[in-house]
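Engineer: So I've got this file, final.tsv, and it contains TSV, C-alpha atoms and all ligand atoms:
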chain	number	residue	atom	x	y	z
A	26	MET	CA	0.00	0.00	0.00
A	27	THR	CA	1.25	3.47	-0.75
A	28	THR	CA	0.20	6.75	0.68
A	29	SER	CA	1.84	9.14	-1.73
A	30	ALA	CA	-0.09	11.80	-3.56
A	31	ALA	CA	1.18	13.31	-6.76
A	32	ASN	CA	-1.11	16.32	-6.84
A	33	GLY	CA	0.41	18.27	-3.98
A	34	SER	CA	-2.59	17.76	-1.71
A	35	ASN	CA	-0.27	16.34	0.96
A	36	GLN	CA	0.95	19.86	1.67
A	37	ARG	CA	-2.54	21.03	2.59
A	38	PRO	CA	-3.93	20.73	6.12
A	39	VAL	CA	-5.50	17.44	7.12
A	40	VAL	CA	-9.23	17.73	7.83
A	41	ILE	CA	-10.04	14.07	8.43
A	42	ASP	CA	-7.60	11.69	10.08
A	43	ALA	CA	-8.57	8.09	10.71
A	44	SER	CA	-6.05	5.80	12.33
A	45	GLN	CA	-6.26	2.03	12.74
A	46	LEU	CA	-10.04	1.90	12.79
A	47	ARG	CA	-11.70	-1.38	13.60
A	48	LYS	CA	-15.39	-2.17	13.82
A	49	MET	CA	-17.09	-5.51	14.41
A	50	TYR	CA	-20.76	-6.46	14.12
A	51	GLY	CA	-20.96	-9.60	16.24
A	52	GLN	CA	-18.43	-11.93	14.64
A	53	THR	CA	-18.24	-9.92	11.40
A	54	VAL	CA	-15.19	-7.71	11.05
A	55	ALA	CA	-16.65	-4.84	9.04
A	56	VAL	CA	-13.64	-2.51	9.25
A	57	ASP	CA	-10.15	-3.76	9.96
A	58	ASP	CA	-7.12	-1.54	10.62
A	59	VAL	CA	-8.23	1.30	8.36
A	60	SER	CA	-6.07	4.44	8.31
A	61	PHE	CA	-6.19	7.43	5.98
A	62	SER	CA	-6.07	11.21	5.94
A	63	VAL	CA	-8.08	13.63	3.86
A	64	HIS	CA	-6.70	17.06	2.99
A	65	VAL	CA	-8.69	20.25	2.77
A	66	GLY	CA	-10.27	20.78	-0.65
A	67	GLU	CA	-9.85	17.19	-1.77
A	68	ILE	CA	-12.42	14.87	-3.25
A	69	PHE	CA	-11.35	11.72	-1.43
A	70	GLY	CA	-12.88	8.46	-2.58
A	71	ILE	CA	-13.76	5.44	-0.48
A	72	LEU	CA	-14.12	2.84	-3.18
A	73	GLY	CA	-14.89	-0.84	-3.03
A	74	PRO	CA	-17.48	-3.57	-3.59
A	75	ASN	CA	-20.61	-4.11	-1.51
A	76	GLY	CA	-19.82	-5.15	2.04
A	77	ALA	CA	-16.27	-3.77	1.94
A	78	GLY	CA	-16.85	-1.62	5.03
A	79	LYS	CA	-17.21	1.76	3.32
A	80	THR	CA	-20.44	2.90	4.96
A	81	THR	CA	-19.36	1.66	8.38
A	82	THR	CA	-16.13	3.66	8.04
A	83	VAL	CA	-17.87	6.92	7.17
A	84	GLU	CA	-20.50	6.36	9.86
A	85	CYS	CA	-17.66	6.16	12.37
A	86	ILE	CA	-16.12	9.33	10.93
A	87	ILE	CA	-19.29	11.36	11.31
A	88	GLY	CA	-19.99	10.01	14.79
A	89	LEU	CA	-22.97	7.78	13.96
A	90	ARG	CA	-21.06	4.69	15.05
A	91	ARG	CA	-18.36	4.14	17.59
A	92	PRO	CA	-15.35	2.19	16.36
A	93	ASP	CA	-14.14	-0.72	18.52
A	94	ALA	CA	-10.57	0.50	18.12
A	95	GLY	CA	-8.66	3.32	16.49
A	96	THR	CA	-8.81	7.09	16.58
A	97	ILE	CA	-10.58	9.65	14.43
A	98	ARG	CA	-10.16	13.39	14.19
A	99	VAL	CA	-12.36	15.51	11.99
A	100	LEU	CA	-11.34	19.17	11.85
A	101	GLY	CA	-9.48	18.43	15.07
A	102	LEU	CA	-12.63	17.15	16.78
A	103	ASN	CA	-13.25	13.67	18.13
A	104	PRO	CA	-16.54	12.22	16.86
A	105	GLU	CA	-16.57	9.81	19.81
A	106	SER	CA	-16.89	12.70	22.26
A	107	ASP	CA	-20.46	13.88	22.86
A	108	GLN	CA	-19.36	17.48	23.11
A	109	ASP	CA	-17.27	17.43	19.94
A	110	ARG	CA	-19.95	15.56	18.02
A	111	GLU	CA	-22.40	18.38	18.48
A	112	GLU	CA	-19.95	20.84	16.97
A	113	LEU	CA	-19.13	18.39	14.21
A	114	HIS	CA	-22.74	18.27	13.08
A	115	THR	CA	-22.51	21.92	12.14
A	116	LEU	CA	-19.26	21.38	10.20
A	117	VAL	CA	-19.95	18.12	8.39
A	118	GLY	CA	-22.91	17.55	6.08
A	119	ALA	CA	-23.84	13.99	5.23
A	120	GLN	CA	-25.92	12.41	2.50
A	121	LEU	CA	-26.17	8.88	3.76
A	122	GLN	CA	-26.89	5.77	1.79
A	123	VAL	CA	-30.09	5.02	3.66
A	124	SER	CA	-31.31	8.59	3.89
A	125	ALA	CA	-34.91	9.19	3.00
A	126	LEU	CA	-36.58	12.53	3.55
A	127	PRO	CA	-40.15	13.13	4.73
A	128	ALA	CA	-42.19	11.88	1.76
A	129	LYS	CA	-45.14	14.24	1.94
A	130	LEU	CA	-43.16	17.42	2.48
A	131	THR	CA	-42.35	19.44	-0.61
A	132	VAL	CA	-38.80	20.27	-1.63
A	133	ARG	CA	-39.23	23.72	-0.09
A	134	GLU	CA	-40.63	22.32	3.17
A	135	ASN	CA	-37.83	19.78	3.42
A	136	LEU	CA	-35.23	22.49	2.94
A	137	ASP	CA	-36.90	24.78	5.48
A	138	LEU	CA	-37.00	21.94	7.99
A	139	TYR	CA	-33.31	21.23	7.63
A	140	ARG	CA	-32.38	24.91	7.53
A	141	SER	CA	-34.00	25.29	10.94
A	142	PHE	CA	-31.41	22.93	12.43
A	143	TYR	CA	-28.53	25.32	11.75
A	144	SER	CA	-27.63	28.74	13.02
A	145	HIS	CA	-25.98	29.80	9.74
A	146	PRO	CA	-27.74	27.87	6.99
A	147	ALA	CA	-26.99	28.32	3.30
A	148	ASP	CA	-29.26	30.41	1.15
A	149	GLY	CA	-31.89	27.82	0.22
A	150	ALA	CA	-32.80	29.37	-3.13
A	151	GLU	CA	-29.19	29.54	-4.24
A	152	LEU	CA	-28.60	25.92	-3.28
A	153	VAL	CA	-31.70	24.82	-5.10
A	154	SER	CA	-30.68	26.58	-8.30
A	155	LEU	CA	-27.16	25.12	-8.01
A	156	LEU	CA	-28.75	21.69	-7.78
A	157	GLY	CA	-31.17	22.29	-10.61
A	158	LEU	CA	-34.27	21.83	-8.48
A	159	GLY	CA	-35.65	25.34	-8.94
A	160	ASP	CA	-38.83	24.20	-10.70
A	161	LYS	CA	-39.47	21.45	-8.14
A	162	LEU	CA	-39.81	23.57	-5.00
A	163	ASP	CA	-43.50	22.78	-4.61
A	164	SER	CA	-43.28	19.08	-5.52
A	165	SER	CA	-43.56	16.49	-2.79
A	166	TYR	CA	-40.46	14.44	-2.09
A	167	LYS	CA	-42.31	11.26	-3.07
A	168	ASP	CA	-43.05	12.67	-6.54
A	169	LEU	CA	-39.41	13.39	-7.40
A	170	SER	CA	-37.39	11.19	-9.75
A	171	GLY	CA	-34.47	9.18	-8.36
A	172	GLY	CA	-32.00	11.79	-9.53
A	173	GLN	CA	-34.01	14.65	-8.05
A	174	LYS	CA	-34.25	12.84	-4.71
A	175	GLN	CA	-30.48	12.41	-4.71
A	176	ARG	CA	-30.06	16.11	-5.45
A	177	LEU	CA	-32.33	17.07	-2.62
A	178	ALA	CA	-30.38	14.76	-0.30
A	179	VAL	CA	-27.22	16.57	-1.37
A	180	ALA	CA	-28.92	19.93	-0.79
A	181	VAL	CA	-29.81	18.80	2.72
A	182	ALA	CA	-26.19	17.72	3.27
A	183	LEU	CA	-25.01	21.19	2.22
A	184	ILE	CA	-27.66	23.35	3.84
A	185	GLY	CA	-25.66	23.91	7.03
A	186	GLN	CA	-22.74	25.31	4.98
A	187	PRO	CA	-20.47	22.44	6.00
A	188	LYS	CA	-16.73	22.40	5.56
A	189	ILE	CA	-16.89	18.70	4.72
A	190	ALA	CA	-19.58	16.85	2.76
A	191	VAL	CA	-19.91	13.09	3.08
A	192	LEU	CA	-21.72	11.54	0.12
A	193	ASP	CA	-22.46	7.80	0.31
A	194	GLU	CA	-23.39	6.10	-2.99
A	195	MET	CA	-25.10	9.21	-4.23
A	196	THR	CA	-25.33	7.99	-7.82
A	197	ALA	CA	-26.47	4.43	-7.10
A	198	GLY	CA	-29.56	3.65	-9.16
A	199	LEU	CA	-29.34	6.75	-11.34
A	200	ASP	CA	-29.45	6.63	-15.13
A	201	PRO	CA	-26.22	7.55	-16.97
A	202	GLN	CA	-27.27	11.15	-17.67
A	203	ALA	CA	-28.30	11.77	-14.07
A	204	ARG	CA	-24.99	10.28	-12.92
A	205	ARG	CA	-23.02	12.64	-15.15
A	206	ASP	CA	-25.08	15.61	-13.94
A	207	THR	CA	-24.40	14.56	-10.36
A	208	TRP	CA	-20.67	14.34	-11.03
A	209	GLU	CA	-20.71	17.93	-12.29
A	210	LEU	CA	-22.62	18.91	-9.20
A	211	ILE	CA	-19.97	17.34	-6.94
A	212	GLU	CA	-17.22	19.18	-8.80
A	213	GLY	CA	-19.18	22.41	-8.36
A	214	ILE	CA	-19.45	21.82	-4.61
A	215	ARG	CA	-15.73	21.23	-4.34
A	216	ALA	CA	-15.11	24.42	-6.32
A	217	ARG	CA	-16.94	26.23	-3.51
A	218	GLY	CA	-14.23	25.04	-1.11
A	219	VAL	CA	-16.00	22.06	0.44
A	220	THR	CA	-13.89	18.96	1.12
A	221	ILE	CA	-15.70	15.86	-0.12
A	222	LEU	CA	-15.59	12.34	1.22
A	223	LEU	CA	-17.16	10.32	-1.57
A	224	VAL	CA	-18.23	6.73	-1.00
A	225	THR	CA	-18.85	4.71	-4.13
A	226	HIS	CA	-18.71	1.23	-5.62
A	227	TYR	CA	-18.45	2.70	-9.13
A	228	MET	CA	-14.88	2.56	-10.37
A	229	ASP	CA	-15.51	5.02	-13.19
A	230	GLU	CA	-17.02	7.52	-10.79
A	231	ALA	CA	-13.97	7.40	-8.52
A	232	GLN	CA	-11.60	7.62	-11.46
A	233	ARG	CA	-13.43	10.62	-12.87
A	234	LEU	CA	-13.96	12.58	-9.64
A	235	CYS	CA	-11.46	11.70	-6.95
A	236	ASP	CA	-8.10	13.30	-6.29
A	237	ARG	CA	-7.18	10.30	-4.17
A	238	VAL	CA	-8.87	7.00	-3.52
A	239	ALA	CA	-8.72	4.43	-0.74
A	240	LEU	CA	-9.56	1.10	-2.31
A	241	PHE	CA	-11.47	-1.01	0.22
A	242	ASP	CA	-11.91	-4.76	0.16
A	243	GLN	CA	-13.23	-6.95	2.96
A	244	GLY	CA	-12.87	-4.24	5.59
A	245	ARG	CA	-9.33	-3.27	4.68
A	246	ILE	CA	-7.65	-0.66	2.54
A	247	VAL	CA	-5.81	-2.58	-0.17
A	248	ALA	CA	-4.43	0.50	-1.95
A	249	LEU	CA	-4.40	4.25	-1.47
A	250	GLY	CA	-3.31	6.96	-3.87
A	251	THR	CA	-4.35	8.97	-6.88
A	252	PRO	CA	-6.33	6.98	-9.44
A	253	SER	CA	-3.38	7.05	-11.83
A	254	GLU	CA	-0.99	5.87	-9.10
A	255	LEU	CA	-3.25	2.94	-8.29
A	256	VAL	CA	-3.51	1.99	-11.93
A	257	ALA	CA	0.27	2.26	-12.39
A	258	GLU	CA	1.04	0.28	-9.25
A	259	ALA	CA	-1.27	-2.51	-10.27
A	260	GLY	CA	0.84	-2.99	-13.39
A	261	GLY	CA	-0.55	-0.11	-15.38
A	262	GLY	CA	-0.97	-1.45	-18.81
A	263	LYS	CA	-2.71	-0.78	-22.05
A	264	HIS	CA	-5.00	-2.68	-24.28
A	265	VAL	CA	-5.71	-2.72	-27.98
A	266	THR	CA	-8.79	-4.29	-29.52
A	267	PHE	CA	-9.20	-5.04	-33.22
A	268	VAL	CA	-10.80	-7.29	-35.80
A	269	PRO	CA	-8.13	-9.18	-37.79
A	270	SER	CA	-8.54	-9.40	-41.56
A	271	GLY	CA	-7.80	-13.13	-41.35
A	272	PRO	CA	-6.70	-15.86	-38.95
A	273	PHE	CA	-3.28	-15.68	-37.30
A	274	ASP	CA	-1.26	-17.59	-34.75
A	275	ASP	CA	-1.58	-15.98	-31.28
A	276	ARG	CA	2.09	-16.73	-30.68
A	277	LEU	CA	3.00	-13.94	-33.13
A	278	LEU	CA	1.72	-11.57	-30.47
A	279	THR	CA	2.44	-13.44	-27.23
A	280	ASP	CA	6.11	-13.63	-28.30
A	281	LEU	CA	6.30	-9.81	-28.27
A	282	SER	CA	7.95	-8.41	-25.14
A	283	ASP	CA	5.29	-5.71	-24.70
A	284	VAL	CA	2.38	-8.18	-24.79
A	285	THR	CA	1.03	-9.74	-21.58
A	286	GLY	CA	-2.15	-11.34	-22.89
A	287	VAL	CA	-4.19	-12.17	-25.99
A	288	GLU	CA	-7.89	-12.90	-25.73
A	289	HIS	CA	-10.49	-13.64	-28.42
A	290	GLN	CA	-13.96	-12.17	-27.93
A	291	GLY	CA	-16.03	-13.30	-30.90
A	292	PRO	CA	-14.54	-11.68	-34.00
A	293	ARG	CA	-12.52	-9.26	-31.87
A	294	VAL	CA	-9.10	-9.75	-30.39
A	295	VAL	CA	-8.09	-8.00	-27.16
A	296	VAL	CA	-4.36	-7.67	-26.52
A	297	THR	CA	-3.10	-6.38	-23.18
A	298	GLY	CA	0.40	-5.20	-22.47
A	299	THR	CA	2.68	-2.23	-21.90
A	300	GLY	CA	5.08	0.10	-23.70
A	301	GLU	CA	4.62	0.51	-27.45
A	302	LEU	CA	1.85	-2.07	-27.46
A	303	VAL	CA	-0.29	-0.71	-30.27
A	304	ASN	CA	2.53	-0.21	-32.79
A	305	ALA	CA	4.10	-3.54	-31.94
A	306	VAL	CA	0.83	-5.43	-32.44
A	307	ILE	CA	-0.21	-3.72	-35.67
A	308	GLN	CA	3.23	-3.93	-37.26
A	309	THR	CA	3.70	-7.58	-36.35
A	310	LEU	CA	0.33	-8.48	-37.80
A	311	ALA	CA	1.04	-6.46	-40.96
A	312	ALA	CA	4.39	-8.18	-41.41
A	313	ASN	CA	2.45	-11.45	-41.43
A	314	GLY	CA	-0.14	-10.30	-43.92
A	315	VAL	CA	-2.90	-9.56	-41.42
A	316	THR	CA	-4.55	-6.16	-41.20
A	317	ALA	CA	-5.97	-4.96	-37.87
A	318	GLU	CA	-9.32	-3.30	-38.49
A	319	ASP	CA	-11.68	-1.36	-36.25
A	320	VAL	CA	-8.85	-0.68	-33.80
A	321	THR	CA	-9.58	0.79	-30.38
A	322	THR	CA	-7.01	1.39	-27.68
A	323	GLY	CA	-7.16	2.21	-24.01
A	324	SER	CA	-5.26	2.34	-20.77
A	325	ALA	CA	-5.84	0.35	-17.61
A	326	THR	CA	-8.52	1.60	-15.26
A	327	LEU	CA	-9.22	1.37	-11.54
A	328	GLU	CA	-11.34	-1.66	-12.42
A	329	ASP	CA	-8.20	-3.38	-13.73
A	330	ALA	CA	-6.30	-2.25	-10.63
A	331	PHE	CA	-8.92	-3.77	-8.34
A	332	LEU	CA	-8.82	-7.03	-10.27
A	333	ARG	CA	-5.03	-7.17	-10.02
A	334	LEU	CA	-5.01	-6.33	-6.32
A	335	THR	CA	-7.78	-8.67	-5.19
A	336	GLY	CA	-8.07	-11.26	-7.94
A	337	ARG	CA	-11.77	-10.45	-8.26
A	338	HIS	CA	-13.97	-8.20	-10.36
A	339	ILE	CA	-15.84	-5.47	-8.58
A	340	HIS	CA	-19.44	-5.98	-9.58
A	341	GLU	CA	-20.82	-2.91	-11.22
A	342	ARG	CA	-24.54	-3.15	-11.43
A	343	ASP	CA	-26.80	-0.20	-11.87
A	344	GLU	CA	-28.91	-1.03	-8.89
A	345	ALA	CA	-28.99	0.38	-5.42
A	346	ASN	CA	-25.99	-0.72	-3.40
A	347	VAL	CA	-27.65	-2.06	-0.29
A	401	LIG	P1	-20.25	-1.18	2.28
A	401	LIG	O1	-20.77	0.17	2.60
A	401	LIG	O2	-18.86	-1.18	1.74
A	401	LIG	O3	-21.17	-1.95	1.40
A	401	LIG	P2	-20.84	-1.83	5.05
A	401	LIG	O4	-20.00	-0.96	5.91
A	401	LIG	O5	-22.26	-1.46	4.88
A	401	LIG	O6	-20.11	-2.01	3.65
A	401	LIG	O7	-20.80	-3.31	5.61
A	401	LIG	C1	-19.59	-3.95	5.97
A	401	LIG	C2	-19.91	-5.33	6.54
A	401	LIG	O8	-20.62	-5.19	7.77
A	401	LIG	C3	-20.79	-6.19	5.67
A	401	LIG	O9	-20.38	-7.53	5.84
A	401	LIG	C4	-22.16	-5.95	6.22
A	401	LIG	O10	-22.99	-7.07	5.96
A	401	LIG	C5	-21.89	-5.78	7.68
A	401	LIG	N1	-22.84	-4.86	8.33
A	401	LIG	C6	-23.08	-3.58	7.98
A	401	LIG	N2	-23.98	-3.00	8.81
A	401	LIG	C7	-24.30	-3.94	9.71
A	401	LIG	C8	-25.16	-3.96	10.84
A	401	LIG	N3	-25.87	-2.88	11.22
A	401	LIG	N4	-25.25	-5.12	11.55
A	401	LIG	C9	-24.54	-6.20	11.20
A	401	LIG	N5	-23.70	-6.25	10.15
A	401	LIG	C10	-23.57	-5.14	9.41
A	402	MG	MG	-22.39	1.16	1.80
Show me the file's structure as structure tokens.
Structural biologist:
Amino acid sequence: MTTSAANGSNQRPVVIDASQLRKMYGQTVAVDDVSFSVHVGEIFGILGPNGAGKTTTVECIIGLRRPDAGTIRVLGLNPESDQDREELHTLVGAQLQVSALPAKLTVRENLDLYRSFYSHPADGAELVSLLGLGDKLDSSYKDLSGGQKQRLAVAVALIGQPKIAVLDEMTAGLDPQARRDTWELIEGIRARGVTILLVTHYMDEAQRLCDRVALFDQGRIVALGTPSELVAEAGGGKHVTFVPSGPFDDRLLTDLSDVTGVEHQGPRVVVTGTGELVNAVIQTLAANGVTAEDVTTGSATLEDAFLRLTGRHIHERDEANV
């Protein structure tokens, strides 16, 4: 595991520090020796498959659960202390995985309710226009679409003008367009100076949004760093996919030093490797009378990194992560 960050965020003050956290539910070890720090202004990702211990970890950080071992400081405060926790609630806004708002209240009524909990709440109208809910103010919560409900949950998390926002699986169950809109929203929130702790099981989401990611598996952090560091450490790698103009012997490619694998998927061939992979593959085929058609290339992703680190695929299904 590495803890380096290439983007200079390590020079900024630490706003969340978790050290050697452990949490058991009966005999189940949900969180096991988890340590990480989040710097001010970061989007820090807690990424991993269902059951990895992500929600339990953030619930400990915001003081909803007490860890069995380890220490936590959030903006210098201890979420295990009753006194500190009260102050923390004004500094940390959370959109939790299970959160559901009062169904019959309208968007406006929900916002007013939550505004009343804070002494210095955000301007509700401004927040609502930022979140694109301006024309939904008089709609009941129960009549909102999935994406609109998520947006309102984010609005509620931000209404107290928090320094830190904790967002747990906020795009689970959304359609692709709503997910992309939500990503832009998160970037907009960060641009306003809010540090974001983002929990997700979507690899692409973490890769797109997060400055640094802690990759969770079975209660532990298996890797920590920027998305590109994690990809590089897991072997990096590239892939090229093409349709060959005719049959060829795989050994032409597997004999190349830059090639690590050759796989046939129907008419397509997927070659993985490093270095000058694409040129090497295309030239070798051409030298043997085979043309590579319909060529696409790509670099390894966090998904590949997770597979390399754990030997398993993270299951990405567009359903609620419960
Ligand atoms: P994630 O958010 O990564 O899906 P969780 O933190 O929700 O993971 O769960 C971690 C592990 O703890 C899982 O094995 C889960 O079944 C278990 N767990 C979570 N919450 C409870 C609970 N309230 N009681 C008992 N077991 C729980
Ligand atoms: Mg969870």
Engineer: Please produce, as a tab-separated table, a per-residue contact table for chain A versus ligand LIG 401 (chain A) (criterion: any atom at most 10 Å away, all atoms listed in the file considered), showing the nearest atom pair and its distance in Å to one decimal, sorted by chain then residue number.
Structural biologist:
residue	atom	partner	partner_atom	distance
A:Lys48	CA	A:LIG401	O8	8.5
A:Met49	CA	A:LIG401	O8	7.5
A:Tyr50	CA	A:LIG401	C9	4.8
A:Gly51	CA	A:LIG401	C9	7.1
A:Gln52	CA	A:LIG401	N5	9.0
A:Thr53	CA	A:LIG401	O9	6.4
A:Val54	CA	A:LIG401	O8	6.8
A:Ala55	CA	A:LIG401	C2	4.1
A:Val56	CA	A:LIG401	C1	6.9
A:Ile71	CA	A:LIG401	O2	8.6
A:Leu72	CA	A:LIG401	O2	7.9
A:Gly73	CA	A:LIG401	O2	6.2
A:Pro74	CA	A:LIG401	O2	6.0
A:Asn75	CA	A:LIG401	O3	3.7
A:Gly76	CA	A:LIG401	O3	3.5
A:Ala77	CA	A:LIG401	O2	3.7
A:Gly78	CA	A:LIG401	O4	3.3
A:Lys79	CA	A:LIG401	O2	3.7
A:Thr80	CA	A:LIG401	O1	3.6
A:Thr81	CA	A:LIG401	O4	3.7
A:Thr82	CA	A:LIG401	O4	6.4
A:Val83	CA	A:LIG401	O4	8.3
A:Glu84	CA	A:LIG401	O4	8.3
A:Cys85	CA	A:LIG401	O4	9.9
A:Arg90	CA	A:LIG401	N3	9.8
A:Gln122	CA	A:LIG401	O1	8.3
A:Asp193	CA	A:LIG401	O1	8.1
A:Glu194	CA	A:LIG401	O1	8.6
A:Val224	CA	A:LIG401	O1	7.9
A:Thr225	CA	A:LIG401	O2	8.3
A:His226	CA	A:LIG401	O2	7.7
A:Phe241	CA	A:LIG401	O2	7.5
A:Asp242	CA	A:LIG401	O2	8.0
A:Gln243	CA	A:LIG401	C1	7.6
A:Gly244	CA	A:LIG401	C1	6.7
A:Asn346	CA	A:LIG401	O3	6.9
A:Val347	CA	A:LIG401	O3	6.7
Engineer: Pick from A:Leu162, A:Asp137, A:Leu192, A:Leu302: nearest to ligand MG 402 (chain A), with all atoms listed in the file counted?
Structural biologist: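 Among the listed residues, A:Leu192 lies closest to ligand MG 402 (chain A).
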Engineer: Rank nothing, just name the residue among A:Gly336, A:Gly323, A:Gly172, A:Gly250 nearest to A:Asp206, using all atoms listed in the file.
Structural biologist: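 Closest to A:Asp206 of all the choices is A:Gly172.
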Engineer: In terms of the shortest atom-to-atom distance over all atoms listed in the file, which of A:Pro292, A:Pro104, A:Pro272, A:Gly118 is closest to A:Ala147?
Structural biologist: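 Result for the nearest residue to A:Ala147: A:Gly118.
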Engineer: Do a neighbour search on A:Gly262 at 7 Å with all atoms listed in the file, toss out local chain neighbours closer than 5 positions, and write the hits as a list in words.
Structural biologist: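 Everything that qualifies: Thr297, Gly298, Thr299, Ser324 and Ala325 of chain A.
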Engineer: Could you turn the residues from that selection into a file that holds C-alpha atoms, as a CSV table (one decimal), keeping the file's coordinate frame?
Structural biologist:
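Writing the result to again01.csv gives the following:
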chain,number,residue,atom,x,y,z
A,297,THR,CA,-3.1,-6.4,-23.2
A,298,GLY,CA,0.4,-5.2,-22.5
A,299,THR,CA,2.7,-2.2,-21.9
A,324,SER,CA,-5.3,2.3,-20.8
A,325,ALA,CA,-5.8,0.4,-17.6
Engineer: Step by step, gather every atom of stretch 319-335 of chain A that the file lists, find the box along x, y and z that holds them, add 6 Å on each side, and finally give centre and edge lengths in Å to one decimal, as lines of an AutoDock Vina configuration file.
Structural biologist:
center_x = -8.3
center_y = -3.2
center_z = -20.7
size_x = 18.7
size_y = 23.0
size_z = 43.1
Engineer: Of the residues A:Pro187, A:Asp148, A:Tyr227, A:Val296, which is the one nearest to ligand MG 402 (chain A), using all atoms listed in the file?
Structural biologist: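 Of A:Pro187, A:Asp148, A:Tyr227, A:Val296, the one nearest ligand MG 402 (chain A), counting all atoms listed in the file, is A:Tyr227.
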Engineer: Using all atoms listed in the file for the distances, tell me which of A:Lys188, A:His64, A:Ala150, A:Thr321 is nearest to A:Val117.
Structural biologist: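 Checking each of A:Lys188, A:His64, A:Ala150, A:Thr321 against A:Val117, counting all atoms listed in the file, the winner is A:Lys188.
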Engineer: For the atom pair atom CA of A:Leu116 and atom CA of A:Gly185, what is the interatomic distance in Å to one decimal place?
Structural biologist: 7.6 Å
Engineer: Restore N, CA and C atoms in stretch 244-255 of chain A and list the result as a PDB file, in the frame of the given file.
Structural biologist:
ATOM      1  N   GLY A 244     -13.157  -4.982   4.373  1.00  0.00           N
ATOM      2  CA  GLY A 244     -12.870  -4.240   5.590  1.00  0.00           C
ATOM      3  C   GLY A 244     -11.512  -3.586   5.658  1.00  0.00           C
ATOM      4  N   ARG A 245     -10.685  -3.825   4.644  1.00  0.00           N
ATOM      5  CA  ARG A 245      -9.330  -3.270   4.680  1.00  0.00           C
ATOM      6  C   ARG A 245      -9.073  -2.337   3.495  1.00  0.00           C
ATOM      7  N   ILE A 246      -8.107  -1.459   3.670  1.00  0.00           N
ATOM      8  CA  ILE A 246      -7.650  -0.660   2.540  1.00  0.00           C
ATOM      9  C   ILE A 246      -6.560  -1.457   1.833  1.00  0.00           C
ATOM     10  N   VAL A 247      -6.810  -1.788   0.563  1.00  0.00           N
ATOM     11  CA  VAL A 247      -5.810  -2.580  -0.170  1.00  0.00           C
ATOM     12  C   VAL A 247      -4.903  -1.683  -1.009  1.00  0.00           C
ATOM     13  N   ALA A 248      -5.290  -0.445  -1.230  1.00  0.00           N
ATOM     14  CA  ALA A 248      -4.430   0.500  -1.950  1.00  0.00           C
ATOM     15  C   ALA A 248      -4.935   1.901  -1.689  1.00  0.00           C
ATOM     16  N   LEU A 249      -4.007   2.858  -1.704  1.00  0.00           N
ATOM     17  CA  LEU A 249      -4.400   4.250  -1.470  1.00  0.00           C
ATOM     18  C   LEU A 249      -3.504   5.149  -2.300  1.00  0.00           C
ATOM     19  N   GLY A 250      -4.098   6.038  -3.054  1.00  0.00           N
ATOM     20  CA  GLY A 250      -3.310   6.960  -3.870  1.00  0.00           C
ATOM     21  C   GLY A 250      -4.190   7.650  -4.886  1.00  0.00           C
ATOM     22  N   THR A 251      -3.562   8.380  -5.810  1.00  0.00           N
ATOM     23  CA  THR A 251      -4.350   8.970  -6.880  1.00  0.00           C
ATOM     24  C   THR A 251      -4.809   7.840  -7.797  1.00  0.00           C
ATOM     25  N   PRO A 252      -5.907   8.041  -8.530  1.00  0.00           N
ATOM     26  CA  PRO A 252      -6.330   6.980  -9.440  1.00  0.00           C
ATOM     27  C   PRO A 252      -5.197   6.532 -10.377  1.00  0.00           C
ATOM     28  N   SER A 253      -4.431   7.477 -10.898  1.00  0.00           N
ATOM     29  CA  SER A 253      -3.380   7.050 -11.830  1.00  0.00           C
ATOM     30  C   SER A 253      -2.268   6.296 -11.119  1.00  0.00           C
ATOM     31  N   GLU A 254      -1.987   6.655  -9.863  1.00  0.00           N
ATOM     32  CA  GLU A 254      -0.990   5.870  -9.100  1.00  0.00           C
ATOM     33  C   GLU A 254      -1.461   4.439  -8.894  1.00  0.00           C
ATOM     34  N   LEU A 255      -2.735   4.293  -8.551  1.00  0.00           N
ATOM     35  CA  LEU A 255      -3.250   2.940  -8.290  1.00  0.00           C
ATOM     36  C   LEU A 255      -3.187   2.093  -9.556  1.00  0.00           C
TER      37      LEU A 255
END
